[in-house]
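Asks: Next comes final.cif, mmCIF, C-alpha atoms:
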```cif
data_target
#
loop_
_atom_site.group_PDB
_atom_site.id
_atom_site.type_symbol
_atom_site.label_atom_id
_atom_site.label_comp_id
_atom_site.auth_asym_id
_atom_site.auth_seq_id
_atom_site.Cartn_x
_atom_site.Cartn_y
_atom_site.Cartn_z
ATOM 1 C CA MET A 27 -19.797 3.188 10.472
ATOM 2 C CA ALA A 28 -16.998 5.097 8.754
ATOM 3 C CA TRP A 29 -14.557 3.957 11.463
ATOM 4 C CA ALA A 30 -15.583 0.318 10.988
ATOM 5 C CA VAL A 31 -14.965 0.607 7.221
ATOM 6 C CA PHE A 32 -11.646 2.379 7.862
ATOM 7 C CA PHE A 33 -10.395 -0.272 10.272
ATOM 8 C CA THR A 34 -11.511 -3.175 8.069
ATOM 9 C CA LEU A 35 -9.867 -1.705 4.968
ATOM 10 C CA SER A 36 -6.638 -0.705 6.722
ATOM 11 C CA PHE A 37 -6.406 -4.145 8.372
ATOM 12 C CA LEU A 38 -6.820 -5.784 4.937
ATOM 13 C CA CYS A 39 -4.292 -3.396 3.393
ATOM 14 C CA ILE A 40 -1.565 -3.763 6.047
ATOM 15 C CA GLY A 41 -2.262 -7.473 6.510
ATOM 16 C CA SER A 42 -1.838 -8.286 2.849
ATOM 17 C CA VAL A 43 1.388 -6.266 2.583
ATOM 18 C CA ALA A 44 2.690 -8.086 5.681
ATOM 19 C CA ALA A 45 1.693 -11.390 4.060
ATOM 20 C CA MET A 46 3.669 -10.297 0.990
ATOM 21 C CA VAL A 47 6.748 -9.834 3.195
ATOM 22 C CA LEU A 48 6.325 -13.323 4.676
ATOM 23 C CA SER A 49 5.283 -15.287 1.570
ATOM 24 C CA ARG A 50 7.898 -16.720 -0.790
ATOM 25 C CA ASN A 51 5.662 -17.375 -3.806
ATOM 26 C CA GLN A 52 5.803 -14.480 -6.283
ATOM 27 C CA ALA A 53 2.350 -15.138 -7.765
ATOM 28 C CA HIS A 54 0.893 -15.083 -4.243
ATOM 29 C CA ASN A 55 2.766 -11.845 -3.574
ATOM 30 C CA ALA A 56 1.200 -10.231 -6.639
ATOM 31 C CA LEU A 57 -2.295 -11.382 -5.579
ATOM 32 C CA PHE A 58 -1.736 -10.079 -2.022
ATOM 33 C CA LEU A 59 -0.797 -6.771 -3.590
ATOM 34 C CA VAL A 60 -4.008 -6.759 -5.651
ATOM 35 C CA LEU A 61 -5.973 -7.159 -2.396
ATOM 36 C CA SER A 62 -3.945 -4.421 -0.728
ATOM 37 C CA PHE A 63 -4.418 -1.958 -3.611
ATOM 38 C CA SER A 64 -8.132 -2.707 -3.859
ATOM 39 C CA SER A 65 -8.640 -1.953 -0.157
ATOM 40 C CA LEU A 66 -6.559 1.211 -0.642
ATOM 41 C CA GLY A 67 -9.044 2.122 -3.371
ATOM 42 C CA GLY A 68 -11.800 1.809 -0.779
ATOM 43 C CA LEU A 69 -9.840 4.088 1.563
ATOM 44 C CA PHE A 70 -9.503 6.640 -1.273
ATOM 45 C CA GLY A 71 -13.292 6.511 -1.537
ATOM 46 C CA LEU A 72 -13.515 7.261 2.208
ATOM 47 C CA LEU A 73 -11.376 10.353 1.544
ATOM 48 C CA ASP A 74 -14.020 11.775 -0.859
ATOM 49 C CA ALA A 75 -11.877 11.016 -3.911
ATOM 50 C CA PRO A 76 -14.129 8.756 -6.039
ATOM 51 C CA PHE A 77 -12.149 9.298 -9.253
ATOM 52 C CA ALA A 78 -8.824 8.456 -7.603
ATOM 53 C CA ALA A 79 -10.477 5.387 -6.056
ATOM 54 C CA ALA A 80 -11.697 4.220 -9.464
ATOM 55 C CA ALA A 81 -8.274 4.892 -11.026
ATOM 56 C CA GLN A 82 -6.608 2.997 -8.179
ATOM 57 C CA VAL A 83 -8.756 -0.091 -8.688
ATOM 58 C CA LEU A 84 -8.743 0.017 -12.505
ATOM 59 C CA ILE A 85 -5.116 0.986 -13.158
ATOM 60 C CA TYR A 86 -3.220 -0.243 -10.094
ATOM 61 C CA ALA A 87 -5.133 -3.344 -9.001
ATOM 62 C CA GLY A 88 -6.195 -4.034 -12.572
ATOM 63 C CA ALA A 89 -3.642 -3.059 -15.189
ATOM 64 C CA ILE A 90 -0.322 -2.823 -13.318
ATOM 65 C CA MET A 91 -0.752 -5.936 -11.201
ATOM 66 C CA VAL A 92 -1.949 -7.962 -14.219
ATOM 67 C CA LEU A 93 1.263 -6.847 -15.931
ATOM 68 C CA PHE A 94 3.195 -8.178 -12.925
ATOM 69 C CA LEU A 95 1.290 -11.482 -13.121
ATOM 70 C CA PHE A 96 2.077 -11.792 -16.841
ATOM 71 C CA ALA A 97 5.762 -11.192 -16.091
ATOM 72 C CA ILE A 98 5.654 -13.855 -13.346
ATOM 73 C CA MET A 99 4.064 -16.309 -15.792
ATOM 74 C CA MET A 100 6.844 -15.555 -18.309
ATOM 75 C CA PHE A 101 9.446 -16.599 -15.738
ATOM 76 C CA ASN A 102 7.529 -19.840 -14.996
ATOM 77 C CA LEU A 103 9.464 -20.515 -11.807
ATOM 78 C CA ARG A 104 7.029 -23.036 -10.240
ATOM 79 C CA GLY A 105 6.001 -26.579 -11.074
ATOM 80 C CA GLU A 106 2.570 -28.228 -11.400
ATOM 81 C CA LEU A 107 0.070 -27.818 -8.524
ATOM 82 C CA PRO A 108 -0.770 -30.893 -6.417
ATOM 83 C CA ALA A 109 -4.306 -32.319 -6.861
ATOM 84 C CA ARG A 110 -5.489 -31.323 -3.343
ATOM 85 C CA VAL A 111 -4.757 -27.654 -4.024
ATOM 86 C CA LYS A 112 -6.679 -27.879 -7.284
ATOM 87 C CA LYS A 113 -9.819 -29.101 -5.437
ATOM 88 C CA VAL A 114 -9.565 -26.322 -2.840
ATOM 89 C CA ARG A 115 -9.148 -23.829 -5.651
ATOM 90 C CA LEU A 116 -12.266 -25.126 -7.421
ATOM 91 C CA ALA A 117 -14.323 -24.753 -4.222
ATOM 92 C CA LEU A 118 -12.959 -21.246 -3.594
ATOM 93 C CA THR A 119 -13.682 -20.199 -7.169
ATOM 94 C CA ALA A 120 -17.261 -21.475 -6.930
ATOM 95 C CA GLY A 121 -17.799 -19.601 -3.628
ATOM 96 C CA LEU A 122 -16.334 -16.362 -4.954
ATOM 97 C CA GLY A 123 -18.368 -16.650 -8.144
ATOM 98 C CA THR A 124 -21.572 -17.015 -6.113
ATOM 99 C CA ILE A 125 -20.680 -13.963 -4.013
ATOM 100 C CA LEU A 126 -19.926 -11.934 -7.153
ATOM 101 C CA LEU A 127 -23.243 -12.963 -8.719
ATOM 102 C CA ALA A 128 -25.150 -11.943 -5.554
ATOM 103 C CA GLU A 129 -23.287 -8.608 -5.438
ATOM 104 C CA LEU A 130 -24.052 -7.789 -9.063
ATOM 105 C CA LEU A 131 -27.711 -8.763 -8.671
ATOM 106 C CA LEU A 132 -28.015 -6.536 -5.577
ATOM 107 C CA ALA A 133 -26.309 -3.646 -7.372
ATOM 108 C CA GLY A 134 -28.546 -4.065 -10.410
ATOM 109 C CA ARG A 135 -31.659 -4.159 -8.227
ATOM 110 C CA LYS A 136 -30.550 -0.990 -6.445
ATOM 111 C CA LEU A 137 -29.903 0.686 -9.804
ATOM 112 C CA VAL A 138 -33.404 -0.116 -11.021
ATOM 113 C CA HIS A 139 -35.354 0.569 -7.807
ATOM 114 C CA GLY A 140 -33.025 2.950 -5.918
ATOM 115 C CA SER A 141 -33.353 6.723 -5.605
ATOM 116 C CA PRO A 142 -30.945 8.831 -7.745
ATOM 117 C CA GLY A 143 -29.865 11.003 -4.799
ATOM 118 C CA ALA A 144 -26.137 10.445 -4.240
ATOM 119 C CA ALA A 145 -24.859 10.913 -7.802
ATOM 120 C CA PRO A 146 -24.767 14.737 -8.181
ATOM 121 C CA ALA A 147 -22.431 15.296 -5.185
ATOM 122 C CA ALA A 148 -19.793 12.877 -6.493
ATOM 123 C CA GLY A 149 -20.189 14.192 -10.060
ATOM 124 C CA GLY A 150 -19.585 17.785 -8.933
ATOM 125 C CA ASP A 151 -16.293 16.880 -7.273
ATOM 126 C CA THR A 152 -15.130 14.910 -10.304
ATOM 127 C CA ALA A 153 -16.061 17.824 -12.587
ATOM 128 C CA ARG A 154 -13.873 20.127 -10.457
ATOM 129 C CA LEU A 155 -11.042 17.604 -10.728
ATOM 130 C CA GLY A 156 -11.476 17.457 -14.503
ATOM 131 C CA ARG A 157 -11.280 21.244 -14.796
ATOM 132 C CA LEU A 158 -8.097 21.260 -12.700
ATOM 133 C CA LEU A 159 -6.566 18.485 -14.797
ATOM 134 C CA PHE A 160 -7.458 19.848 -18.240
ATOM 135 C CA ALA A 161 -7.160 23.599 -17.564
ATOM 136 C CA ASP A 162 -4.669 24.374 -14.790
ATOM 137 C CA HIS A 163 -2.412 21.357 -15.233
ATOM 138 C CA LEU A 164 -2.814 20.805 -18.971
ATOM 139 C CA TYR A 165 0.918 20.844 -19.761
ATOM 140 C CA ALA A 166 1.701 18.287 -17.068
ATOM 141 C CA PHE A 167 -1.132 16.126 -18.376
ATOM 142 C CA GLU A 168 0.150 16.282 -21.958
ATOM 143 C CA ILE A 169 3.692 15.538 -20.831
ATOM 144 C CA THR A 170 2.412 12.401 -19.068
ATOM 145 C CA SER A 171 1.072 11.145 -22.377
ATOM 146 C CA LEU A 172 4.565 11.608 -23.852
ATOM 147 C CA LEU A 173 5.956 9.687 -20.863
ATOM 148 C CA ILE A 174 3.568 6.793 -21.523
ATOM 149 C CA LEU A 175 4.609 6.731 -25.198
ATOM 150 C CA ALA A 176 8.292 6.747 -24.226
ATOM 151 C CA ALA A 177 7.661 3.883 -21.769
ATOM 152 C CA LEU A 178 5.897 1.888 -24.496
ATOM 153 C CA VAL A 179 8.743 2.375 -26.977
ATOM 154 C CA GLY A 180 11.312 1.655 -24.275
ATOM 155 C CA ALA A 181 9.625 -1.571 -23.199
ATOM 156 C CA LEU A 182 9.468 -2.758 -26.814
ATOM 157 C CA ALA A 183 13.118 -1.856 -27.376
ATOM 158 C CA LEU A 184 14.198 -3.639 -24.175
ATOM 159 C CA ALA A 185 12.090 -6.794 -24.026
ATOM 160 C CA GLY A 186 10.668 -7.068 -27.532
ATOM 161 C CA ARG A 187 13.949 -8.226 -29.100
ATOM 162 C CA LYS A 188 14.160 -11.826 -30.235
ATOM 163 C CA GLU A 189 16.678 -14.198 -28.646
ATOM 164 C CA GLY A 190 20.132 -13.666 -30.171
ATOM 165 C CA ALA A 191 19.090 -10.823 -32.475
ATOM 166 C CA MET B 20 -15.618 11.662 10.404
ATOM 167 C CA ILE B 21 -12.143 10.156 10.418
ATOM 168 C CA PRO B 22 -9.284 12.615 11.108
ATOM 169 C CA ALA B 23 -6.455 12.984 8.604
ATOM 170 C CA SER B 24 -3.978 11.781 11.252
ATOM 171 C CA ALA B 25 -5.480 8.266 11.069
ATOM 172 C CA PHE B 26 -4.837 8.163 7.323
ATOM 173 C CA PHE B 27 -1.329 9.559 7.856
ATOM 174 C CA ALA B 28 -0.599 6.823 10.395
ATOM 175 C CA LEU B 29 -1.760 4.213 7.880
ATOM 176 C CA ALA B 30 0.358 5.803 5.136
ATOM 177 C CA VAL B 31 3.434 5.768 7.393
ATOM 178 C CA VAL B 32 2.909 2.108 8.322
ATOM 179 C CA LEU B 33 2.450 1.191 4.649
ATOM 180 C CA PHE B 34 5.582 3.077 3.589
ATOM 181 C CA VAL B 35 7.694 1.418 6.290
ATOM 182 C CA LEU B 36 6.295 -1.998 5.338
ATOM 183 C CA GLY B 37 7.270 -1.258 1.730
ATOM 184 C CA VAL B 38 10.827 -0.345 2.736
ATOM 185 C CA VAL B 39 11.092 -3.464 4.928
ATOM 186 C CA ALA B 40 9.768 -5.662 2.120
ATOM 187 C CA PHE B 41 12.263 -4.111 -0.306
ATOM 188 C CA PHE B 42 15.205 -5.034 1.903
ATOM 189 C CA VAL B 43 13.918 -8.385 3.192
ATOM 190 C CA LYS B 44 12.972 -9.906 -0.155
ATOM 191 C CA LYS B 45 15.651 -11.353 -2.395
ATOM 192 C CA ASP B 46 14.037 -11.414 -5.828
ATOM 193 C CA LEU B 47 13.706 -8.488 -8.202
ATOM 194 C CA LEU B 48 9.974 -8.936 -8.816
ATOM 195 C CA THR B 49 8.927 -8.752 -5.170
ATOM 196 C CA GLN B 50 11.289 -5.850 -4.551
ATOM 197 C CA PHE B 51 9.609 -4.049 -7.429
ATOM 198 C CA MET B 52 6.210 -4.741 -5.847
ATOM 199 C CA ALA B 53 7.530 -3.240 -2.600
ATOM 200 C CA VAL B 54 8.311 -0.030 -4.520
ATOM 201 C CA GLU B 55 4.686 0.033 -5.674
ATOM 202 C CA VAL B 56 3.563 -0.249 -2.028
ATOM 203 C CA MET B 57 5.690 2.796 -1.171
ATOM 204 C CA LEU B 58 4.166 4.778 -4.062
ATOM 205 C CA ASN B 59 0.700 3.890 -2.802
ATOM 206 C CA ALA B 60 1.534 5.038 0.719
ATOM 207 C CA GLY B 61 2.523 8.379 -0.805
ATOM 208 C CA ASN B 62 -0.766 8.517 -2.705
ATOM 209 C CA LEU B 63 -2.715 7.905 0.494
ATOM 210 C CA ALA B 64 -0.883 10.759 2.239
ATOM 211 C CA PHE B 65 -1.607 13.098 -0.708
ATOM 212 C CA LEU B 66 -5.319 12.285 -0.622
ATOM 213 C CA ALA B 67 -5.511 12.689 3.173
ATOM 214 C CA LEU B 68 -3.919 16.141 2.808
ATOM 215 C CA ALA B 69 -6.214 17.025 -0.098
ATOM 216 C CA LYS B 70 -9.224 16.311 2.089
ATOM 217 C CA ALA B 71 -7.819 17.998 5.207
ATOM 218 C CA LEU B 72 -6.985 21.207 3.285
ATOM 219 C CA GLY B 73 -10.061 21.066 1.047
ATOM 220 C CA LYS B 74 -7.966 21.316 -2.139
ATOM 221 C CA ALA B 75 -8.440 19.057 -5.174
ATOM 222 C CA GLU B 76 -4.779 19.455 -6.276
ATOM 223 C CA GLY B 77 -3.860 16.463 -4.152
ATOM 224 C CA GLN B 78 -6.121 14.294 -6.292
ATOM 225 C CA VAL B 79 -4.472 15.621 -9.471
ATOM 226 C CA ILE B 80 -1.049 14.636 -8.119
ATOM 227 C CA VAL B 81 -2.355 11.168 -7.258
ATOM 228 C CA LEU B 82 -3.514 10.688 -10.849
ATOM 229 C CA PHE B 83 -0.056 11.710 -12.108
ATOM 230 C CA VAL B 84 1.615 9.339 -9.640
ATOM 231 C CA ILE B 85 -0.567 6.465 -10.874
ATOM 232 C CA THR B 86 0.334 7.286 -14.496
ATOM 233 C CA VAL B 87 4.053 7.492 -13.760
ATOM 234 C CA ALA B 88 3.838 4.247 -11.772
ATOM 235 C CA ALA B 89 2.296 2.547 -14.803
ATOM 236 C CA ALA B 90 5.136 3.747 -17.038
ATOM 237 C CA GLU B 91 7.680 2.729 -14.402
ATOM 238 C CA ALA B 92 6.138 -0.743 -14.049
ATOM 239 C CA VAL B 93 6.324 -1.303 -17.820
ATOM 240 C CA ILE B 94 9.999 -0.314 -18.048
ATOM 241 C CA GLY B 95 10.981 -2.084 -14.822
ATOM 242 C CA LEU B 96 9.323 -5.341 -15.815
ATOM 243 C CA ALA B 97 10.947 -5.147 -19.253
ATOM 244 C CA ILE B 98 14.353 -4.788 -17.568
ATOM 245 C CA ILE B 99 13.622 -7.716 -15.226
ATOM 246 C CA VAL B 100 12.565 -9.870 -18.197
ATOM 247 C CA LEU B 101 15.827 -8.911 -19.914
ATOM 248 C CA VAL B 102 17.875 -9.820 -16.819
ATOM 249 C CA PHE B 103 16.059 -13.161 -16.590
ATOM 250 C CA ARG B 104 16.724 -13.914 -20.269
ATOM 251 C CA GLN B 105 20.433 -13.253 -19.932
ATOM 252 C CA ARG B 106 21.090 -14.773 -16.483
ATOM 253 C CA LYS B 107 18.216 -17.293 -16.058
ATOM 254 C CA THR B 108 17.688 -15.915 -12.542
ATOM 255 C CA ILE B 109 16.108 -12.906 -10.836
ATOM 256 C CA GLN B 110 17.499 -13.605 -7.356
ATOM 257 C CA THR B 111 19.530 -10.594 -6.269
ATOM 258 C CA ASP B 112 22.041 -12.876 -4.524
ATOM 259 C CA ASP B 113 23.072 -14.222 -7.932
ATOM 260 C CA LEU B 114 23.415 -10.783 -9.526
ATOM 261 C CA LYS B 115 26.522 -9.254 -8.019
ATOM 262 C CA ASP B 116 28.647 -8.208 -10.982
ATOM 263 C CA LEU B 117 28.950 -4.691 -9.585
ATOM 264 C CA ARG B 118 30.505 -5.974 -6.363
ATOM 265 C CA GLY B 119 34.259 -5.637 -6.928
#
```
As structure tokens, how would this structure be written, given the file I've shared?

Replies:
Amino acid sequence: MAWAVFFTLSFLCIGSVAAMVLSRNQAHNALFLVLSFSSLGGLFGLLDAPFAAAAQVLIYAGAIMVLFLFAIMMFNLRGELPARVKKVRLALTAGLGTILLAELLLAGRKLVHGSPGAAPAAGGDTARLGRLLFADHLYAFEITSLLILAALVGALALAGRKEGA
Amino acid sequence: MIPASAFFALAVVLFVLGVVAFFVKKDLLTQFMAVEVMLNAGNLAFLALAKALGKAEGQVIVLFVITVAAAEAVIGLAIIVLVFRQRKTIQTDDLKDLRG
């Protein structure tokens, strides 16, 4: 079972990065990368690192890649989509929405009726990680917050200027 | 139980793919994405080692790498936006002022 998950996720991961090498559309590249990072998040989960897996999906596949997509939209390098593509996209969106709905319903049903057995093991590991992060590596952690602030100020100073100012 | 070597092999393949993508692609944005792929390959190797050695420090480093990657993405994208505003292009073939 674990091997099947490993091979599926690594195939998705490597395949989408290879597709990024071959594709010429930047928006597609960013979406391929979202798929790749999400499957990497699954692999992190296989490695008994649930917190890193969550951070990978939330921060990498979520925040960073959305930032990339916003930047791509700012460049606006492509024209209008042809009508055929729009129809395919509508069908795909409907299918994916149905799958998401089914997934959430299943998860909710499991939450209500399932047995609360697996949670303590994962929580214990995350608690150990939290102690490491906030006790042993506190200085490094605080310095990262300074780094984030510096990045914020730097990004505003670089790209926030008005044209010609 | 999957051995750490399998994860290492995957990390190596991912890193090499990132390097190849960086040199094959000709626009700044996709090259920047290739750098992110390389960072992720490093993260995967750290987590594989953390599990193989039974130490949680590897996970701490991965969290720091993700944070630094976020800061790096913000600054890098700001620089790319600035280049695009000044030159109206992000193709590296058009940006060769440093070539003598």

Asks: Enter the distance from CA of Phe63 (chain A) to CA of Tyr86 (chain A), in Å, rounded to one decimal.

Replies: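 Separation between CA of Phe63 (chain A) and CA of Tyr86 (chain A): 6.8 Å.
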
Asks: Decode the PyMOL selection byres ((chain A) within 7 of (chain B)) for the given file into explicit residues and return them as an mmCIF file with C-alpha atoms, in the frame of the given file.

Replies:
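Full text of expr28.cif as output:
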```
data_model
loop_
_atom_site.group_PDB
_atom_site.id
_atom_site.type_symbol
_atom_site.label_atom_id
_atom_site.label_comp_id
_atom_site.auth_asym_id
_atom_site.auth_seq_id
_atom_site.Cartn_x
_atom_site.Cartn_y
_atom_site.Cartn_z
ATOM 1 C CA ALA A 28 -16.998 5.097 8.754
ATOM 2 C CA TRP A 29 -14.557 3.957 11.463
ATOM 3 C CA ILE A 40 -1.565 -3.763 6.047
ATOM 4 C CA VAL A 47 6.748 -9.834 3.195
ATOM 5 C CA GLN A 52 5.803 -14.480 -6.283
ATOM 6 C CA LEU A 73 -11.376 10.353 1.544
ATOM 7 C CA ALA A 78 -8.824 8.456 -7.603
ATOM 8 C CA ILE A 90 -0.322 -2.823 -13.318
ATOM 9 C CA ALA A 97 5.762 -11.192 -16.091
ATOM 10 C CA LEU A 155 -11.042 17.604 -10.728
ATOM 11 C CA LEU A 159 -6.566 18.485 -14.797
ATOM 12 C CA ILE A 174 3.568 6.793 -21.523
ATOM 13 C CA ALA A 177 7.661 3.883 -21.769
ATOM 14 C CA GLY A 180 11.312 1.655 -24.275
ATOM 15 C CA ALA A 181 9.625 -1.571 -23.199
ATOM 16 C CA LEU A 184 14.198 -3.639 -24.175
ATOM 17 C CA ALA A 185 12.090 -6.794 -24.026
#
```

Asks: Output as JSON the centre and edge lengths (Å, one decimal) of the box along x, y and z of the file that holds every listed atom of region 51-68 of chain A after adding 3 Å on each side.

Replies:
```
{"center_x": -3.0, "center_y": -7.6, "center_z": -4.0, "size_x": 23.6, "size_y": 25.5, "size_z": 13.6}
```

Asks: If I take CA of Leu69 (chain A) and CA of Ser36 (chain A), how far is one from the other in Å, to one decimal?

Replies: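 Separation of CA of Leu69 (chain A) and CA of Ser36 (chain A): 7.7 Å.
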
Asks: Measuring atom to atom with all atoms listed in the file, identify which of A:Val92, A:Ala109, A:Leu130, A:Ala153 is nearest to Leu57 (chain A).

Replies: A:Val92

Asks: Kindly give the distance, in Å, that separates CA of Leu61 (chain A) and CA of Val43 (chain A), rounded to a single decimal.

Replies: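 About the pair CA of Leu61 (chain A) and CA of Val43 (chain A): they are 8.9 Å apart.
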
Asks: Would you kindly identify which residues have an atom no farther than 8 Å from (-13.7, 16.0, -7.0), using all atoms listed in the file and the file's own coordinates, and write them out as JSON, numbers by chain?

Replies: {"A": [74, 75, 76, 77, 148, 149, 150, 151, 152, 153, 154, 155, 156], "B": [75, 78]}

Asks: Create the file for the chosen residues now, containing C-alpha atoms and written as a short mmCIF file (atom, residue, chain, number, x, y, z; two decimals), in the frame of the given file.

Replies:
```
data_model
loop_
_atom_site.label_atom_id
_atom_site.label_comp_id
_atom_site.auth_asym_id
_atom_site.auth_seq_id
_atom_site.Cartn_x
_atom_site.Cartn_y
_atom_site.Cartn_z
CA ASP A 74 -14.02 11.78 -0.86
CA ALA A 75 -11.88 11.02 -3.91
CA PRO A 76 -14.13 8.76 -6.04
CA PHE A 77 -12.15 9.30 -9.25
CA ALA A 148 -19.79 12.88 -6.49
CA GLY A 149 -20.19 14.19 -10.06
CA GLY A 150 -19.58 17.78 -8.93
CA ASP A 151 -16.29 16.88 -7.27
CA THR A 152 -15.13 14.91 -10.30
CA ALA A 153 -16.06 17.82 -12.59
CA ARG A 154 -13.87 20.13 -10.46
CA LEU A 155 -11.04 17.60 -10.73
CA GLY A 156 -11.48 17.46 -14.50
CA ALA B 75 -8.44 19.06 -5.17
CA GLN B 78 -6.12 14.29 -6.29
#
```

Asks: Just say which residues the PyMOL selection byres ((chain A and resi 35) around 9) picks in this file, as a count of residues only.

Replies: 15

Asks: Have a look at A:Leu72, A:Ile169, A:Ala45, A:Ile125 and name the one nearest to Leu59 (chain A); count all atoms listed in the file.

Replies: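 Smallest distance to Leu59 (chain A) is found for A:Ala45.
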